[in-house]
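Okay, query04.cif now, which holds mmCIF, C-alpha atoms:
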data_input
#
loop_
_atom_site.group_PDB
_atom_site.id
_atom_site.type_symbol
_atom_site.label_atom_id
_atom_site.label_comp_id
_atom_site.auth_asym_id
_atom_site.auth_seq_id
_atom_site.Cartn_x
_atom_site.Cartn_y
_atom_site.Cartn_z
ATOM 1 C CA MET A 6 -11.200 -2.909 -21.343
ATOM 2 C CA THR A 7 -9.524 -1.402 -18.298
ATOM 3 C CA SER A 8 -8.003 -3.473 -15.529
ATOM 4 C CA LYS A 9 -10.437 -1.919 -13.047
ATOM 5 C CA LEU A 10 -13.384 -3.350 -15.028
ATOM 6 C CA VAL A 11 -11.745 -6.787 -15.087
ATOM 7 C CA ASP A 12 -10.991 -6.603 -11.353
ATOM 8 C CA LEU A 13 -14.516 -5.479 -10.458
ATOM 9 C CA ARG A 14 -16.086 -8.268 -12.520
ATOM 10 C CA GLU A 15 -13.818 -10.841 -10.888
ATOM 11 C CA ARG A 16 -14.596 -9.522 -7.388
ATOM 12 C CA ILE A 17 -18.328 -9.642 -8.160
ATOM 13 C CA ARG A 18 -18.038 -13.246 -9.402
ATOM 14 C CA ASN A 19 -16.121 -14.199 -6.249
ATOM 15 C CA GLY A 20 -18.619 -12.393 -4.035
ATOM 16 C CA GLU A 21 -21.550 -14.108 -5.717
ATOM 17 C CA HIS A 22 -19.847 -17.463 -5.263
ATOM 18 C CA TYR A 23 -19.145 -16.672 -1.596
ATOM 19 C CA ILE A 24 -22.741 -15.548 -0.960
ATOM 20 C CA SER A 25 -23.972 -18.820 -2.471
ATOM 21 C CA THR A 26 -22.058 -20.713 0.230
ATOM 22 C CA LEU A 27 -23.679 -18.764 3.094
ATOM 23 C CA LYS A 28 -26.902 -19.855 4.740
ATOM 24 C CA GLN A 29 -29.870 -17.478 4.502
ATOM 25 C CA ASN A 30 -29.636 -16.620 8.214
ATOM 26 C CA ASP A 31 -25.838 -16.150 8.259
ATOM 27 C CA PRO A 32 -25.088 -12.822 9.980
ATOM 28 C CA LYS A 33 -22.393 -12.020 7.381
ATOM 29 C CA ARG A 34 -24.883 -12.241 4.502
ATOM 30 C CA PRO A 35 -26.257 -8.637 4.700
ATOM 31 C CA ALA A 36 -22.763 -7.110 4.680
ATOM 32 C CA VAL A 37 -21.708 -9.258 1.725
ATOM 33 C CA LEU A 38 -24.884 -8.367 -0.168
ATOM 34 C CA GLN A 39 -24.301 -4.684 0.533
ATOM 35 C CA LYS A 40 -20.700 -4.942 -0.687
ATOM 36 C CA LEU A 41 -21.858 -6.760 -3.842
ATOM 37 C CA ALA A 42 -24.413 -4.032 -4.537
ATOM 38 C CA SER A 43 -21.679 -1.408 -4.138
ATOM 39 C CA LEU A 44 -19.336 -3.291 -6.482
ATOM 40 C CA LYS A 45 -22.098 -3.691 -9.084
ATOM 41 C CA SER A 46 -22.852 0.023 -8.879
ATOM 42 C CA GLN A 47 -19.173 0.852 -9.395
ATOM 43 C CA LEU A 48 -19.075 -1.533 -12.351
ATOM 44 C CA ARG A 49 -22.122 0.087 -13.977
ATOM 45 C CA GLU A 50 -20.547 3.538 -13.594
ATOM 46 C CA LEU A 51 -17.259 2.392 -15.098
ATOM 47 C CA GLU A 52 -19.002 0.602 -17.951
ATOM 48 C CA GLN A 53 -21.016 3.718 -18.766
ATOM 49 C CA GLY A 54 -17.854 5.815 -18.706
ATOM 50 C CA ALA A 55 -16.054 3.317 -20.950
ATOM 51 C CA GLY A 56 -18.984 3.063 -23.369
ATOM 52 C CA VAL A 57 -19.707 -0.594 -22.536
ATOM 53 C CA SER A 58 -23.381 -1.500 -22.676
ATOM 54 C CA GLU A 59 -25.121 -4.411 -21.001
ATOM 55 C CA GLY A 60 -25.609 -6.136 -24.360
ATOM 56 C CA THR A 61 -21.917 -5.942 -25.241
ATOM 57 C CA PRO A 62 -20.272 -9.363 -25.172
ATOM 58 C CA GLN A 63 -17.812 -9.664 -22.310
ATOM 59 C CA PRO A 64 -14.538 -11.579 -22.390
ATOM 60 C CA SER A 65 -14.478 -15.013 -20.783
ATOM 61 C CA ASP A 66 -13.734 -15.336 -17.068
ATOM 62 C CA ARG A 67 -10.005 -15.871 -17.596
ATOM 63 C CA THR A 68 -9.300 -13.529 -20.515
ATOM 64 C CA TYR A 69 -7.101 -10.551 -19.705
ATOM 65 C CA ASP A 70 -6.007 -7.664 -21.865
ATOM 66 C CA LEU A 71 -2.377 -7.869 -20.795
ATOM 67 C CA GLU A 72 -1.318 -4.716 -22.616
ATOM 68 C CA ASN A 73 -3.839 -2.576 -20.726
ATOM 69 C CA THR A 74 -3.971 -4.492 -17.450
ATOM 70 C CA VAL A 75 -1.920 -3.354 -14.487
ATOM 71 C CA HIS A 76 -1.805 -6.921 -13.176
ATOM 72 C CA ALA A 77 -3.277 -10.231 -14.174
ATOM 73 C CA ARG A 78 -3.344 -11.763 -10.707
ATOM 74 C CA PRO A 79 -6.102 -14.255 -10.011
ATOM 75 C CA SER A 80 -8.546 -12.618 -7.638
ATOM 76 C CA HIS A 81 -7.857 -15.023 -4.760
ATOM 77 C CA LYS A 82 -4.375 -13.466 -4.593
ATOM 78 C CA ILE A 83 -5.801 -9.958 -4.159
ATOM 79 C CA ASP A 84 -7.090 -8.740 -0.808
ATOM 80 C CA PRO A 85 -10.826 -9.517 -0.805
ATOM 81 C CA ARG A 86 -11.434 -6.826 1.847
ATOM 82 C CA PRO A 87 -9.923 -3.590 0.522
ATOM 83 C CA ASP A 88 -12.402 -1.826 2.812
ATOM 84 C CA LEU A 89 -10.015 -2.780 5.632
ATOM 85 C CA LYS A 90 -7.489 -0.261 4.312
ATOM 86 C CA GLU A 91 -4.890 -0.352 7.088
ATOM 87 C CA ASP A 92 -3.518 -3.762 6.064
ATOM 88 C CA SER A 93 -4.937 -4.296 2.570
ATOM 89 C CA GLY A 94 -1.566 -4.178 0.819
ATOM 90 C CA LEU A 95 -0.076 -6.509 3.398
ATOM 91 C CA TRP A 96 -2.849 -9.012 2.722
ATOM 92 C CA THR A 97 -2.210 -8.988 -1.013
ATOM 93 C CA ALA A 98 1.493 -9.596 -0.296
ATOM 94 C CA LEU A 99 0.604 -12.430 2.139
ATOM 95 C CA LEU A 100 -1.773 -14.048 -0.352
ATOM 96 C CA GLU A 101 0.901 -13.879 -3.074
ATOM 97 C CA LEU A 102 3.405 -15.603 -0.778
ATOM 98 C CA ALA A 103 0.860 -18.246 0.244
ATOM 99 C CA ALA A 104 -0.110 -18.945 -3.373
ATOM 100 C CA GLY A 105 3.569 -19.447 -4.174
ATOM 101 C CA TYR A 106 3.579 -22.271 -1.652
ATOM 102 C CA ASP A 107 0.115 -23.780 -2.131
ATOM 103 C CA GLU A 108 -3.080 -22.521 -3.783
ATOM 104 C CA GLU A 109 -5.220 -24.222 -1.125
ATOM 105 C CA LEU A 110 -3.479 -22.323 1.664
ATOM 106 C CA CYS A 111 -3.991 -19.116 -0.312
ATOM 107 C CA ALA A 112 -7.715 -19.898 -0.591
ATOM 108 C CA VAL A 113 -7.978 -20.638 3.149
ATOM 109 C CA LEU A 114 -6.275 -17.349 4.033
ATOM 110 C CA ASN A 115 -8.525 -15.535 1.546
ATOM 111 C CA GLY A 116 -11.534 -16.927 3.424
ATOM 112 C CA PHE A 117 -10.136 -15.800 6.770
ATOM 113 C CA ARG A 118 -9.615 -12.315 5.374
ATOM 114 C CA CYS A 119 -13.203 -12.277 4.087
ATOM 115 C CA GLY A 120 -14.277 -13.059 7.651
ATOM 116 C CA GLY A 121 -12.433 -10.024 9.007
ATOM 117 C CA THR A 122 -8.942 -11.256 9.889
ATOM 118 C CA ARG A 123 -6.228 -8.600 10.137
ATOM 119 C CA LEU A 124 -2.464 -8.612 9.971
ATOM 120 C CA ARG A 125 -0.953 -7.014 13.066
ATOM 121 C CA PHE A 126 2.663 -6.764 14.064
ATOM 122 C CA GLY A 127 3.282 -8.990 17.099
ATOM 123 C CA GLU A 128 6.444 -9.124 19.170
ATOM 124 C CA THR A 129 8.715 -10.207 16.324
ATOM 125 C CA ARG A 130 6.617 -10.671 13.165
ATOM 126 C CA TRP A 131 3.288 -10.162 11.438
ATOM 127 C CA VAL A 132 0.500 -12.275 12.951
ATOM 128 C CA LEU A 133 -3.131 -12.975 12.124
ATOM 129 C CA ARG A 134 -5.691 -11.376 14.442
ATOM 130 C CA PRO A 135 -9.489 -11.276 14.170
ATOM 131 C CA ASP A 136 -11.594 -8.138 14.041
ATOM 132 C CA ILE A 137 -14.468 -8.858 16.422
ATOM 133 C CA ASP A 138 -17.939 -7.564 15.554
ATOM 134 C CA PRO A 139 -20.734 -9.248 17.557
ATOM 135 C CA SER A 140 -23.188 -8.508 14.730
ATOM 136 C CA GLY A 141 -20.968 -10.439 12.295
ATOM 137 C CA TYR A 142 -21.333 -7.775 9.621
ATOM 138 C CA THR A 143 -17.730 -6.597 9.446
ATOM 139 C CA GLY A 144 -15.778 -9.248 11.341
ATOM 140 C CA TRP A 145 -15.831 -12.413 13.376
ATOM 141 C CA THR A 146 -18.673 -12.590 15.890
ATOM 142 C CA SER A 147 -16.310 -13.644 18.684
ATOM 143 C CA GLN A 148 -12.790 -14.772 19.489
ATOM 144 C CA ALA A 149 -14.242 -18.252 20.011
ATOM 145 C CA GLU A 150 -15.636 -18.314 16.455
ATOM 146 C CA TYR A 151 -12.244 -17.282 15.074
ATOM 147 C CA ASP A 152 -10.400 -19.831 17.249
ATOM 148 C CA GLU A 153 -12.758 -22.620 16.134
ATOM 149 C CA ALA A 154 -12.235 -21.752 12.454
ATOM 150 C CA GLY A 155 -8.478 -21.508 13.019
ATOM 151 C CA ALA A 156 -8.381 -24.954 14.606
ATOM 152 C CA LYS A 157 -10.425 -26.390 11.748
ATOM 153 C CA TYR A 158 -8.739 -24.729 8.759
ATOM 154 C CA LEU A 159 -5.352 -23.260 9.775
ATOM 155 C CA GLN A 160 -3.963 -25.813 12.212
ATOM 156 C CA GLU A 161 -2.714 -28.154 9.466
ATOM 157 C CA TRP A 162 -0.833 -25.237 7.882
ATOM 158 C CA GLY A 163 0.790 -24.099 11.155
ATOM 159 C CA SER A 164 4.489 -24.451 10.322
ATOM 160 C CA VAL A 165 4.030 -23.309 6.722
ATOM 161 C CA LEU A 166 1.975 -20.302 7.804
ATOM 162 C CA ARG A 167 4.627 -19.329 10.365
ATOM 163 C CA ALA A 168 7.311 -19.536 7.651
ATOM 164 C CA ILE A 169 5.212 -17.413 5.286
ATOM 165 C CA LEU A 170 4.585 -14.815 8.008
ATOM 166 C CA ASP A 171 8.326 -14.802 8.751
ATOM 167 C CA GLU A 172 9.033 -14.183 5.056
ATOM 168 C CA LEU A 173 6.435 -11.406 4.978
ATOM 169 C CA THR A 174 8.135 -9.847 8.023
ATOM 170 C CA ARG A 175 11.529 -10.116 6.332
ATOM 171 C CA ARG A 176 10.190 -8.365 3.226
ATOM 172 C CA ILE A 177 7.956 -5.871 5.004
ATOM 173 C CA PRO A 178 9.168 -5.072 8.514
ATOM 174 C CA SER A 179 6.857 -3.142 10.819
ATOM 175 C CA GLN A 180 6.948 0.502 9.745
ATOM 176 C CA PRO A 181 4.727 3.569 9.786
ATOM 177 C CA ALA A 182 1.756 3.080 7.436
ATOM 178 C CA ALA A 183 3.009 5.462 4.721
ATOM 179 C CA GLN A 184 6.364 3.681 4.491
ATOM 180 C CA THR A 185 4.685 0.263 4.576
ATOM 181 C CA GLU A 186 2.636 1.061 1.438
ATOM 182 C CA GLN A 187 5.800 2.061 -0.411
ATOM 183 C CA VAL A 188 7.553 -1.166 0.643
ATOM 184 C CA ILE A 189 4.507 -3.236 -0.365
ATOM 185 C CA GLN A 190 4.573 -1.755 -3.866
ATOM 186 C CA THR A 191 8.250 -2.692 -4.128
ATOM 187 C CA VAL A 192 7.651 -6.231 -2.841
ATOM 188 C CA MET A 193 4.788 -6.780 -5.284
ATOM 189 C CA GLN A 194 7.208 -6.092 -8.152
ATOM 190 C CA ILE A 195 9.637 -8.808 -6.970
#
Have the structure of the file written as structure tokens, please.
Amino acid sequence: MTSKLVDLRERIRNGEHYISTLKQNDPKRPAVLQKLASLKSQLRELEQGAGVSEGTPQPSDRTYDLENTVHARPSHKIDPRPDLKEDSGLWTALLELAAGYDEELCAVLNGFRCGGTRLRFGETRWVLRPDIDPSGYTGWTSQAEYDEAGAKYLQEWGSVLRAILDELTRRIPSQPAAQTEQVIQTVMQI
């Protein structure tokens, strides 16, 4: 089985878990459902191309074909919003660094990314910034919503998060996008 199939299945499982935590009237729900439908469509196409049928037994949730898998990273360490292409690689690098410190912090940051948080270069280092979308489909509905979530979930991690962002900045300084992708690939091999 290809790594792309494994990754898609893991992303679908994570998306289905995430959707189960949202209320029916949550404004993010339609966008998540649409993304899940897209992922399931991609999975069906890949399975058909690989000759995998729906009745074929699938490996367990944590089984990886290490010889044919590009990476065996748990999905919470992979950017959950690759649709936000500009900083997707940076997010995977950030999540890897966070997981190296504490899995809970990694999970919290993963949730913030799902909500539409971006990495932007501030005055001296990478910083977290919300994408604002009043509809709530692609980002946070307001700065106030982001600030409230930050106070609730990120405040306790303040000094650790600053240290992790400093380390990310040390490894991946602000550069033009093309150079940043090349540096990210190098960092991910460290």
Could you tell me which of A:Gly127, A:Ser179, A:Cys111, A:Trp145 comes closest to Val165 in chain A if we count all atoms listed in the file? A:Cys111
Give me the result of the PyMOL selection byres ((chain A and resi 102) around 9) on this file, residue by residue, as a PDB file with C-alpha atoms, in the coordinates of the input.
ATOM      1  CA  LYS A  82      -4.375 -13.466  -4.593  1.00  0.00           C
ATOM      2  CA  THR A  97      -2.210  -8.988  -1.013  1.00  0.00           C
ATOM      3  CA  ALA A  98       1.493  -9.596  -0.296  1.00  0.00           C
ATOM      4  CA  LEU A  99       0.604 -12.430   2.139  1.00  0.00           C
ATOM      5  CA  LEU A 100      -1.773 -14.048  -0.352  1.00  0.00           C
ATOM      6  CA  GLU A 101       0.901 -13.879  -3.074  1.00  0.00           C
ATOM      7  CA  ALA A 103       0.860 -18.246   0.244  1.00  0.00           C
ATOM      8  CA  ALA A 104      -0.110 -18.945  -3.373  1.00  0.00           C
ATOM      9  CA  GLY A 105       3.569 -19.447  -4.174  1.00  0.00           C
ATOM     10  CA  TYR A 106       3.579 -22.271  -1.652  1.00  0.00           C
ATOM     11  CA  ASP A 107       0.115 -23.780  -2.131  1.00  0.00           C
ATOM     12  CA  CYS A 111      -3.991 -19.116  -0.312  1.00  0.00           C
ATOM     13  CA  ILE A 169       5.212 -17.413   5.286  1.00  0.00           C
ATOM     14  CA  LEU A 170       4.585 -14.815   8.008  1.00  0.00           C
ATOM     15  CA  GLU A 172       9.033 -14.183   5.056  1.00  0.00           C
ATOM     16  CA  LEU A 173       6.435 -11.406   4.978  1.00  0.00           C
TER      17      LEU A 173
END
Do you know which residues are at most 10 Å from Leu38 in chain A counting only C-alpha atoms, after dropping those on the same chain fewer than 6 positions away, and could you put them as a PyMOL selection string? chain A and resi 20-21+24+44
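Going from CA of Lys28 in chain A to CA of Gly120 in chain A covers 14.6 Å.
Restricting the calculation to all atoms listed in the file, the smallest distance between Pro32 in chain A and any of A:Asp88, A:Gly141, A:Leu51, A:Ala154 is found for A:Gly141.
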Please rebuild range 128-157 of chain A with N, CA and C atoms and give the result as an mmCIF file, keeping the file's coordinate frame.
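Result written to out.cif:
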data_model
loop_
_atom_site.group_PDB
_atom_site.id
_atom_site.type_symbol
_atom_site.label_atom_id
_atom_site.label_comp_id
_atom_site.auth_asym_id
_atom_site.auth_seq_id
_atom_site.Cartn_x
_atom_site.Cartn_y
_atom_site.Cartn_z
ATOM 1 N N GLU A 128 5.167 -9.443 18.536
ATOM 2 C CA GLU A 128 6.444 -9.124 19.170
ATOM 3 C C GLU A 128 7.595 -9.116 18.168
ATOM 4 N N THR A 129 7.580 -10.090 17.241
ATOM 5 C CA THR A 129 8.715 -10.207 16.324
ATOM 6 C C THR A 129 8.324 -10.310 14.853
ATOM 7 N N ARG A 130 7.037 -10.488 14.560
ATOM 8 C CA ARG A 130 6.617 -10.671 13.165
ATOM 9 C C ARG A 130 5.138 -10.349 13.009
ATOM 10 N N TRP A 131 4.704 -10.345 11.733
ATOM 11 C CA TRP A 131 3.288 -10.162 11.438
ATOM 12 C C TRP A 131 2.539 -11.398 11.909
ATOM 13 N N VAL A 132 1.348 -11.179 12.472
ATOM 14 C CA VAL A 132 0.500 -12.275 12.951
ATOM 15 C C VAL A 132 -0.941 -12.016 12.509
ATOM 16 N N LEU A 133 -1.711 -13.086 12.463
ATOM 17 C CA LEU A 133 -3.131 -12.975 12.124
ATOM 18 C C LEU A 133 -3.920 -12.688 13.389
ATOM 19 N N ARG A 134 -4.838 -11.725 13.315
ATOM 20 C CA ARG A 134 -5.691 -11.376 14.442
ATOM 21 C C ARG A 134 -7.092 -11.077 13.921
ATOM 22 N N PRO A 135 -8.119 -11.524 14.638
ATOM 23 C CA PRO A 135 -9.489 -11.276 14.170
ATOM 24 C C PRO A 135 -9.984 -9.890 14.552
ATOM 25 N N ASP A 136 -10.779 -9.293 13.670
ATOM 26 C CA ASP A 136 -11.594 -8.138 14.041
ATOM 27 C C ASP A 136 -12.867 -8.750 14.615
ATOM 28 N N ILE A 137 -13.269 -8.317 15.786
ATOM 29 C CA ILE A 137 -14.468 -8.858 16.422
ATOM 30 C C ILE A 137 -15.614 -7.863 16.260
ATOM 31 N N ASP A 138 -16.714 -8.349 15.718
ATOM 32 C CA ASP A 138 -17.939 -7.564 15.554
ATOM 33 C C ASP A 138 -19.091 -8.494 15.922
ATOM 34 N N PRO A 139 -19.681 -8.334 17.115
ATOM 35 C CA PRO A 139 -20.734 -9.248 17.557
ATOM 36 C C PRO A 139 -21.889 -9.402 16.565
ATOM 37 N N SER A 140 -22.116 -8.390 15.721
ATOM 38 C CA SER A 140 -23.188 -8.508 14.730
ATOM 39 C C SER A 140 -22.774 -9.419 13.577
ATOM 40 N N GLY A 141 -21.465 -9.603 13.381
ATOM 41 C CA GLY A 141 -20.968 -10.439 12.295
ATOM 42 C C GLY A 141 -20.946 -9.758 10.942
ATOM 43 N N TYR A 142 -21.283 -8.469 10.904
ATOM 44 C CA TYR A 142 -21.333 -7.775 9.621
ATOM 45 C C TYR A 142 -19.951 -7.434 9.075
ATOM 46 N N THR A 143 -19.038 -7.027 9.936
ATOM 47 C CA THR A 143 -17.730 -6.597 9.446
ATOM 48 C C THR A 143 -16.580 -7.460 9.930
ATOM 49 N N GLY A 144 -16.850 -8.410 10.809
ATOM 50 C CA GLY A 144 -15.778 -9.248 11.341
ATOM 51 C C GLY A 144 -16.324 -10.507 11.969
ATOM 52 N N TRP A 145 -15.464 -11.183 12.669
ATOM 53 C CA TRP A 145 -15.831 -12.413 13.376
ATOM 54 C C TRP A 145 -16.758 -12.055 14.533
ATOM 55 N N THR A 146 -17.730 -12.907 14.827
ATOM 56 C CA THR A 146 -18.673 -12.590 15.890
ATOM 57 C C THR A 146 -18.040 -12.686 17.273
ATOM 58 N N SER A 147 -16.981 -13.497 17.386
ATOM 59 C CA SER A 147 -16.310 -13.644 18.684
ATOM 60 C C SER A 147 -14.924 -14.240 18.487
ATOM 61 N N GLN A 148 -14.106 -14.131 19.510
ATOM 62 C CA GLN A 148 -12.790 -14.772 19.489
ATOM 63 C C GLN A 148 -12.965 -16.279 19.386
ATOM 64 N N ALA A 149 -13.991 -16.805 20.045
ATOM 65 C CA ALA A 149 -14.242 -18.252 20.011
ATOM 66 C C ALA A 149 -14.543 -18.725 18.589
ATOM 67 N N GLU A 150 -15.335 -17.945 17.834
ATOM 68 C CA GLU A 150 -15.636 -18.314 16.455
ATOM 69 C C GLU A 150 -14.351 -18.346 15.620
ATOM 70 N N TYR A 151 -13.508 -17.342 15.799
ATOM 71 C CA TYR A 151 -12.244 -17.282 15.074
ATOM 72 C C TYR A 151 -11.350 -18.459 15.464
ATOM 73 N N ASP A 152 -11.239 -18.732 16.776
ATOM 74 C CA ASP A 152 -10.400 -19.831 17.249
ATOM 75 C C ASP A 152 -10.878 -21.177 16.705
ATOM 76 N N GLU A 153 -12.193 -21.374 16.658
ATOM 77 C CA GLU A 153 -12.758 -22.620 16.134
ATOM 78 C C GLU A 153 -12.422 -22.777 14.641
ATOM 79 N N ALA A 154 -12.569 -21.706 13.883
ATOM 80 C CA ALA A 154 -12.235 -21.752 12.454
ATOM 81 C C ALA A 154 -10.734 -21.972 12.263
ATOM 82 N N GLY A 155 -9.932 -21.330 13.098
ATOM 83 C CA GLY A 155 -8.478 -21.508 13.019
ATOM 84 C C GLY A 155 -8.075 -22.948 13.279
ATOM 85 N N ALA A 156 -8.688 -23.554 14.290
ATOM 86 C CA ALA A 156 -8.381 -24.954 14.606
ATOM 87 C C ALA A 156 -8.799 -25.871 13.453
ATOM 88 N N LYS A 157 -9.893 -25.548 12.822
ATOM 89 C CA LYS A 157 -10.425 -26.390 11.748
ATOM 90 C C LYS A 157 -9.653 -26.224 10.436
#
